[in-house]
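A.B. asks: Take this structure first; my questions come after.
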Amino acid sequence: MLQRVLLVVFLLVMIIIQSSAIVDFNIDGNPDSDAQVCCKVEHSFPREAFAECAEQLKLNLSVNITNDQLMCLHKCYYERIGMFEGTKIFAAQYQRYAQSLDVQLKEAFERAIPLCASFTLNALKSSRMLSQLTCTPVPYLFNRCLAEVGIAMCPKERRIIELSSTSME
């Protein structure tokens, strides 16, 4: 049952964000873009490596890209910044990054790491589609999970949108 739930969640996430980047590089200059709409956070992953990988892979990011292209882009990017090598995560790099965050974000980020590692492993085990991709989806899945869990665990002081049961009525 858990595998089915994880697969459904994974497929929904893939459909909703098929052509989006994990890291909010704020390329459009809008501080309220992407994850910023829910949780005021500016992550400091390097932007240049993302553009270099897109160029290396000959991707036009102004149009929709395929799932294969998206996985290859994220594999290239996270390898280039030293967070992954293929499917191998460099946990020390993520811990070092967590240390650079303020206390509130650090706590949420550190709690998300094992959760996202488990999610990624379960998604890989339960999906034949993932094994058929040109590039490993591990860096994409892990970092997408970090972004989504980070939004869900956004410290109250950083929330931009407050949801309450009365606002949905």
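By order of appearance in the structure tokens: chains A, B, ..., then residues from 1 within every chain, and ligands from 1 in the order shown.
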What's around Glu157 in chain A at 10 Å? Count only C-alpha atoms, leave out sequence neighbours fewer than 3 positions away in its own chain, and write the answer as a PyMOL selection string.
C.D. replies: chain A and resi 39-40+104+154+160
A.B. asks: Write out as a list in words the residues lying within 12 Å of Asn60 in chain A, counting only C-alpha atoms and excluding same-chain residues fewer than 4 positions away.
C.D. replies: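 Non-adjacent residues within range: Ser19, Ala51, Glu52, Cys53, Ala54, Glu55, Gln56, Asn64, Ile65, Thr66, Gln69, Leu70 and Leu73 of chain A.
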A.B. asks: Taking only C-alpha atoms into account, name the residue in A:Ala49, A:Leu59, A:Met71, A:Tyr97 that is nearest to Leu133 in chain A.
C.D. replies: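 For Leu133 in chain A, the nearest of the candidates is A:Met71.
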A.B. asks: Using only C-alpha atoms, which of the listed residues (A:Val41, A:Cys145, A:Ala117, A:Val138) sits closest to Phe84 in chain A?
C.D. replies: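 Smallest distance to Phe84 in chain A is found for A:Val138.
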A.B. asks: Given only C-alpha atoms as the basis, pick out the residue of A:Ala112, A:Ser100, A:Cys135, A:Leu105 nearest to Ser44 in chain A.
C.D. replies: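 Of the candidates, the smallest distance to Ser44 in chain A is held by A:Ser100.
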A.B. asks: Select, from A:Asn143, A:Arg96, A:His43, A:Asp102, the residue with the minimum atom-to-atom distance to Tyr77 in chain A, counting only C-alpha atoms.
C.D. replies: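 Checking each candidate against Tyr77 in chain A, we get A:Asn143 as the closest.
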A.B. asks: Would you please give, as a ChimeraX atom specification, all residues of range 30-83 of chain A that DSSP assigns to alpha helix (DSSP H) based on the backbone?
C.D. replies: /A:48-56,67-80
